[in-house]
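For reference, the structure is listed below as C-alpha cells.
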Amino acid sequence: MSLIETQNAQERVVLVGVALPEDTQQFEMSMIELASLAQTAGAEVVASYEQKRKKYDSKTLVGAGKLSEISARVAADAIDMVIVNNRLTPRQNSHLEAELGVKVIDRMQLILDIFAMRAHSHEGKLQVHLAQLKYLLPRLMGQGILLSRQAGGIGSRGPGESQLELNRRSIRQQIADIEHKLKQVEQNRQITREKRLTSEPFRIGLIGYTNAGKSTIMNLMTDHDHYEADELFATLDATTKQLYLRDHFQATLTDTVGFIQDLPTELVAAFKSTLEESRHLDLLLHVIDASDPHQLEQEQVVLEILRDLGMQHIPRLTIYNKMDLAQAFTASAFPNIQLSAHDHSSRKRLRTWLVEQICELFIPFSISVDQADFYKLYELQKVAFLDDYHFEQRKENIKGYIASKNKWRLEGFYD
C-alpha cells in the first residue's frame, strides 16, 4: 500500500502506553510523540489509553481491567489497529491481537514503518529492510494476524512486507545477503571518504531531535532546496552539500536523520555505516526546537545517543531554532545562537556566528607573504580564515586561524 493510498483510507488507531514508576518524567512526552508518529504514518488517532503499573503484565502488558476497556473501544469505534508505546515481546503481541481481534504493533515497528516510507536511497532502503527483518524474525509464529498482513497498512510497509510468510531460515539468509550488500556499500563509502579526507574540507554535521528544523537550517545556510516539513523524520537519507562560510573557505554541511527517544536498536545497528560517517565530522551543530515544551528532555536524548555512538568528543555548538514560537524558553547549552530558520535575516547572523566559533576551535597564526607569493593565498583561504592584512615593504603581514590538522599548509609561507 502506498503512502497516498494510506492517506486516502486512514487507519483508525487506538494508542496504549504503560508507565512504570521510573518512567514518569518522560512518559507524557513519549505519548505525545506516539500520536505524532501515528499521524506521520497516515493514521487517524481515535483514542489514547494510559496506565501506571509497578510492572508490565507478562501476557498483555496492561492489566485485565484496562484491556477490557480498550477492547470495548476497539469494537465500538471500528478500530483498525492498536499501537502500543512500549516494546512488546512476541508473546505479548500475540496475546493482545488474540484479545483485541485487530492488528497490534508497538512503537518500534511504527518507527520502522515510517523509515520504510521515507527511505529513498538504495542504501537507506537496504538498511530499513535489514532492520525490519531483524525485528520480525523472533515474531514469526506461523499463524495469526502477524502473518496475514498482505493487505498492507501501517506496520507492514516497505521492502520487508513481502517476506513475512517466509520461514526463519529464509529470513536469516535474507539478513545475511543484505548485510553483505551493505558491507560492499560501506567499502565504497570508505574509498570515497579517504579521497575526501585528502582534500581536507571542514566537515560540519547537523544533529538534533526529529522535527527540530535541521533541514530548514541547511536550506538557510546553503540556498539548497532540501525537503523540509513539520513532521517527524522528514529527512532520512543523509544529504551533504558544499558550504562557503567566508571568502573561499571550504566546508561541507551534512543533514542527518533526527533522533528520538527509544530509537529501535535494530535501526541503530542497520544504520551503522551512516552513523560511522558522522564520526568523521569536525563539528556538530545541535539544532534544538526552542518552542517545544519538552525541549530539555529532547536535548538530553540527543546527548545520550551521541554518547552511545561514541561521538561525544566531537566539538559541538548549539542552535536554538523556532524562537519566534518559543514562550517559556531556557538556554541550557553554551555556546549557542538563538534564531528562527524561516527568518532569512538569520542567515547572516548564523554564518557570522559560526565563523567566530570555528575560529575559537582553530589555532591562530601569523605569516609574512612576499608579493611574488600572493597567489598562494587563494589556496590557503580554502582551509583558513585570513584577517588583519598589513602591507609593509613588498610583503603582506597576515594573521588568521587554521585547523591544527592543516597547520602544515603554512610551511610554504615560512622562510
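In the C-alpha cells, each chain is lettered A, B, ... as it comes, each chain's residues begin at 1, and ligands are numbered from 1 in order of appearance.
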task: Name all residues at most 8 Å from region 57-73 of chain A (count only C-alpha atoms; drop same-chain ones fewer than 6 positions away) and give them as a list in words.
output: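 Returned residues: Val18, Tyr49, Gln51, Ile79, Leu88, Arg91, Gln92, Asn93, His95, Leu96, Glu99 and Leu100 of chain A.
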Output for the residues just chosen: N, CA and C atoms as a CSV table (one decimal), in the first residue's frame:
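Now in result_28.csv:
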```csv
chain,number,residue,atom,x,y,z
A,18,VAL,N,2.0,2.2,28.9
A,18,VAL,CA,2.1,1.8,30.3
A,18,VAL,C,3.4,2.5,30.8
A,49,TYR,N,-5.0,5.5,25.6
A,49,TYR,CA,-5.1,4.9,26.9
A,49,TYR,C,-3.8,4.9,27.6
A,51,GLN,N,-1.8,3.8,31.4
A,51,GLN,CA,-1.9,3.1,32.7
A,51,GLN,C,-0.5,3.1,33.4
A,79,ILE,N,-12.2,0.2,15.2
A,79,ILE,CA,-10.8,0.5,15.2
A,79,ILE,C,-10.1,-0.6,14.4
A,88,LEU,N,6.9,-4.5,22.7
A,88,LEU,CA,6.2,-5.7,23.1
A,88,LEU,C,7.1,-6.9,22.8
A,91,ARG,N,5.3,-12.7,22.7
A,91,ARG,CA,4.2,-13.3,23.4
A,91,ARG,C,3.1,-12.3,23.7
A,92,GLN,N,3.5,-11.1,24.2
A,92,GLN,CA,2.6,-10.0,24.4
A,92,GLN,C,1.8,-9.6,23.2
A,93,ASN,N,2.6,-9.5,22.1
A,93,ASN,CA,2.0,-9.1,20.8
A,93,ASN,C,0.9,-10.1,20.4
A,95,HIS,N,-0.8,-12.3,22.4
A,95,HIS,CA,-2.0,-12.3,23.3
A,95,HIS,C,-2.8,-11.1,23.0
A,96,LEU,N,-2.2,-9.9,22.8
A,96,LEU,CA,-3.0,-8.7,22.6
A,96,LEU,C,-3.8,-8.8,21.3
A,99,GLU,N,-6.8,-11.1,22.0
A,99,GLU,CA,-7.8,-10.5,22.9
A,99,GLU,C,-8.6,-9.4,22.2
A,100,LEU,N,-7.9,-8.6,21.4
A,100,LEU,CA,-8.5,-7.4,20.8
A,100,LEU,C,-9.0,-7.7,19.4
```
task: Give the strand (DSSP E or B) residues of region 88-155 of chain A, as DSSP finds them on the backbone, and put them as a PyMOL selection string.
output: chain A and resi 103-106
- prompt: Looking at A:Asp370, A:Glu44, A:Glu411, A:Glu297, which one is nearest to Phe27 (chain A), with distances taken over only C-alpha atoms?
  reply: A:Glu297
Give me the residues near Asp282 (chain A) as a PDB file with N, CA, C and O atoms, in the first residue's frame, where near means some atom within 12 Å (using only C-alpha atoms) and where sequence neighbours in that chain fewer than 5 positions away do not count.
```pdb
ATOM      1  N   LEU A 197      39.005  13.024   2.520  1.00  0.00           N
ATOM      2  CA  LEU A 197      39.868  13.449   3.613  1.00  0.00           C
ATOM      3  C   LEU A 197      41.163  14.066   3.099  1.00  0.00           C
ATOM      4  O   LEU A 197      41.728  14.958   3.723  1.00  0.00           O
ATOM      5  N   GLU A 200      40.871  17.680   2.592  1.00  0.00           N
ATOM      6  CA  GLU A 200      40.772  18.406   3.858  1.00  0.00           C
ATOM      7  C   GLU A 200      39.654  19.445   3.930  1.00  0.00           C
ATOM      8  O   GLU A 200      39.888  20.580   4.325  1.00  0.00           O
ATOM      9  N   PRO A 201      38.436  19.140   3.543  1.00  0.00           N
ATOM     10  CA  PRO A 201      37.366  20.114   3.789  1.00  0.00           C
ATOM     11  C   PRO A 201      37.003  20.110   5.270  1.00  0.00           C
ATOM     12  O   PRO A 201      37.229  19.114   5.964  1.00  0.00           O
ATOM     13  N   PHE A 202      36.483  21.199   5.762  1.00  0.00           N
ATOM     14  CA  PHE A 202      35.998  21.246   7.139  1.00  0.00           C
ATOM     15  C   PHE A 202      34.594  20.665   7.149  1.00  0.00           C
ATOM     16  O   PHE A 202      33.706  21.151   6.456  1.00  0.00           O
ATOM     17  N   ARG A 203      34.385  19.608   7.909  1.00  0.00           N
ATOM     18  CA  ARG A 203      33.136  18.842   7.850  1.00  0.00           C
ATOM     19  C   ARG A 203      32.224  19.198   9.018  1.00  0.00           C
ATOM     20  O   ARG A 203      32.585  19.012  10.176  1.00  0.00           O
ATOM     21  N   ILE A 204      31.023  19.685   8.696  1.00  0.00           N
ATOM     22  CA  ILE A 204      30.033  20.080   9.700  1.00  0.00           C
ATOM     23  C   ILE A 204      28.811  19.178   9.572  1.00  0.00           C
ATOM     24  O   ILE A 204      28.362  18.882   8.463  1.00  0.00           O
ATOM     25  N   GLY A 205      28.278  18.732  10.686  1.00  0.00           N
ATOM     26  CA  GLY A 205      27.089  17.888  10.666  1.00  0.00           C
ATOM     27  C   GLY A 205      25.966  18.480  11.493  1.00  0.00           C
ATOM     28  O   GLY A 205      26.192  19.013  12.584  1.00  0.00           O
ATOM     29  N   LEU A 206      24.751  18.427  10.959  1.00  0.00           N
ATOM     30  CA  LEU A 206      23.570  18.859  11.699  1.00  0.00           C
ATOM     31  C   LEU A 206      22.987  17.667  12.434  1.00  0.00           C
ATOM     32  O   LEU A 206      22.712  16.628  11.836  1.00  0.00           O
ATOM     33  N   ALA A 251      33.814  24.134   3.213  1.00  0.00           N
ATOM     34  CA  ALA A 251      33.287  23.244   4.243  1.00  0.00           C
ATOM     35  C   ALA A 251      32.186  22.396   3.613  1.00  0.00           C
ATOM     36  O   ALA A 251      31.678  22.703   2.532  1.00  0.00           O
ATOM     37  N   THR A 252      31.844  21.315   4.262  1.00  0.00           N
ATOM     38  CA  THR A 252      30.685  20.522   3.852  1.00  0.00           C
ATOM     39  C   THR A 252      29.695  20.515   5.006  1.00  0.00           C
ATOM     40  O   THR A 252      30.091  20.497   6.179  1.00  0.00           O
ATOM     41  N   LEU A 253      28.420  20.532   4.661  1.00  0.00           N
ATOM     42  CA  LEU A 253      27.363  20.506   5.665  1.00  0.00           C
ATOM     43  C   LEU A 253      26.487  19.286   5.401  1.00  0.00           C
ATOM     44  O   LEU A 253      25.969  19.106   4.298  1.00  0.00           O
ATOM     45  N   THR A 254      26.328  18.442   6.416  1.00  0.00           N
ATOM     46  CA  THR A 254      25.561  17.205   6.281  1.00  0.00           C
ATOM     47  C   THR A 254      24.323  17.247   7.160  1.00  0.00           C
ATOM     48  O   THR A 254      24.414  17.512   8.362  1.00  0.00           O
ATOM     49  N   GLU A 277      29.913   7.400   9.285  1.00  0.00           N
ATOM     50  CA  GLU A 277      30.275   8.590   8.528  1.00  0.00           C
ATOM     51  C   GLU A 277      30.264   9.826   9.421  1.00  0.00           C
ATOM     52  O   GLU A 277      31.125  10.705   9.307  1.00  0.00           O
ATOM     53  N   MET A 311      30.387   9.651  19.939  1.00  0.00           N
ATOM     54  CA  MET A 311      30.604  10.914  19.225  1.00  0.00           C
ATOM     55  C   MET A 311      30.659  12.120  20.165  1.00  0.00           C
ATOM     56  O   MET A 311      30.643  13.264  19.724  1.00  0.00           O
ATOM     57  N   GLN A 312      30.738  11.852  21.482  1.00  0.00           N
ATOM     58  CA  GLN A 312      30.698  12.958  22.427  1.00  0.00           C
ATOM     59  C   GLN A 312      31.970  13.809  22.395  1.00  0.00           C
ATOM     60  O   GLN A 312      31.993  14.937  22.904  1.00  0.00           O
ATOM     61  N   HIS A 313      33.047  13.290  21.780  1.00  0.00           N
ATOM     62  CA  HIS A 313      34.311  14.029  21.731  1.00  0.00           C
ATOM     63  C   HIS A 313      34.331  15.081  20.625  1.00  0.00           C
ATOM     64  O   HIS A 313      35.195  15.967  20.626  1.00  0.00           O
ATOM     65  N   ILE A 314      33.402  15.019  19.679  1.00  0.00           N
ATOM     66  CA  ILE A 314      33.387  15.971  18.556  1.00  0.00           C
ATOM     67  C   ILE A 314      32.913  17.338  19.058  1.00  0.00           C
ATOM     68  O   ILE A 314      31.896  17.424  19.757  1.00  0.00           O
ATOM     69  N   PRO A 315      33.630  18.415  18.740  1.00  0.00           N
ATOM     70  CA  PRO A 315      33.191  19.761  19.167  1.00  0.00           C
ATOM     71  C   PRO A 315      31.741  20.009  18.746  1.00  0.00           C
ATOM     72  O   PRO A 315      31.325  19.627  17.648  1.00  0.00           O
ATOM     73  N   ARG A 316      30.986  20.653  19.629  1.00  0.00           N
ATOM     74  CA  ARG A 316      29.545  20.814  19.384  1.00  0.00           C
ATOM     75  C   ARG A 316      29.112  22.242  19.717  1.00  0.00           C
ATOM     76  O   ARG A 316      29.468  22.803  20.756  1.00  0.00           O
ATOM     77  N   LEU A 317      28.335  22.820  18.800  1.00  0.00           N
ATOM     78  CA  LEU A 317      27.714  24.123  19.004  1.00  0.00           C
ATOM     79  C   LEU A 317      26.202  23.942  18.975  1.00  0.00           C
ATOM     80  O   LEU A 317      25.692  23.005  18.349  1.00  0.00           O
ATOM     81  N   ILE A 358      34.129  28.825  14.969  1.00  0.00           N
ATOM     82  CA  ILE A 358      35.138  27.948  14.369  1.00  0.00           C
ATOM     83  C   ILE A 358      36.532  28.501  14.623  1.00  0.00           C
ATOM     84  O   ILE A 358      37.480  27.747  14.897  1.00  0.00           O
ATOM     85  N   LEU A 361      37.900  27.324  17.715  1.00  0.00           N
ATOM     86  CA  LEU A 361      38.382  25.947  17.673  1.00  0.00           C
ATOM     87  C   LEU A 361      39.732  25.845  16.964  1.00  0.00           C
ATOM     88  O   LEU A 361      40.500  24.918  17.229  1.00  0.00           O
ATOM     89  N   PHE A 362      40.015  26.768  16.056  1.00  0.00           N
ATOM     90  CA  PHE A 362      41.247  26.751  15.280  1.00  0.00           C
ATOM     91  C   PHE A 362      42.400  27.346  16.095  1.00  0.00           C
ATOM     92  O   PHE A 362      42.204  27.876  17.176  1.00  0.00           O
ATOM     93  N   ALA A 403      42.820  25.119  11.183  1.00  0.00           N
ATOM     94  CA  ALA A 403      42.684  23.879  11.950  1.00  0.00           C
ATOM     95  C   ALA A 403      44.063  23.281  12.174  1.00  0.00           C
ATOM     96  O   ALA A 403      44.942  23.352  11.311  1.00  0.00           O
ATOM     97  N   SER A 404      44.279  22.671  13.334  1.00  0.00           N
ATOM     98  CA  SER A 404      45.591  22.111  13.649  1.00  0.00           C
ATOM     99  C   SER A 404      46.013  21.062  12.626  1.00  0.00           C
ATOM    100  O   SER A 404      47.191  20.932  12.314  1.00  0.00           O
ATOM    101  N   LYS A 405      45.032  20.297  12.079  1.00  0.00           N
ATOM    102  CA  LYS A 405      45.369  19.259  11.093  1.00  0.00           C
ATOM    103  C   LYS A 405      45.880  19.861   9.783  1.00  0.00           C
ATOM    104  O   LYS A 405      46.510  19.174   8.985  1.00  0.00           O
TER     105      LYS A 405
END
```
Among the residues A:Leu110, A:Leu130, A:Ile105, A:Leu220, the one that comes closest to Pro90 (chain A) [using only C-alpha atoms]: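 The shortest atom-to-atom distance to Pro90 (chain A) comes from A:Ile105.
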message: Which residues are close to region 29-38 of chain A, i.e. within 8 Å by only C-alpha atoms, leaving aside same-chain residues fewer than 5 positions away? Reply as a list in words.
response: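 Answer for this query is Leu15, Gly17, Ala43, Glu44, Val45, Asn85, Arg107, Leu110, Ile111, Ile114, Glu231, Leu232, Gln261 and His294 of chain A.
Near Leu306 (chain A), within 12 Å and counting only C-alpha atoms, sit Ile207, Gly208, Tyr209, Phe259, Ile260, Val268, Leu275, Glu276, Ser278, Arg279, Leu284, His286, Glu299, Gln300, Gln312, His313, Ile314, Pro315 and Arg316 of chain A; same-chain residues fewer than 6 positions away were not included.
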field: Option closest in space to Arg139 (chain A), from A:Ile305, A:Ala116, A:Ile171, A:Ile191 [counting only C-alpha atoms]
entry: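 Comparing A:Ile305, A:Ala116, A:Ile171, A:Ile191 against Arg139 (chain A), the winner is A:Ile171.
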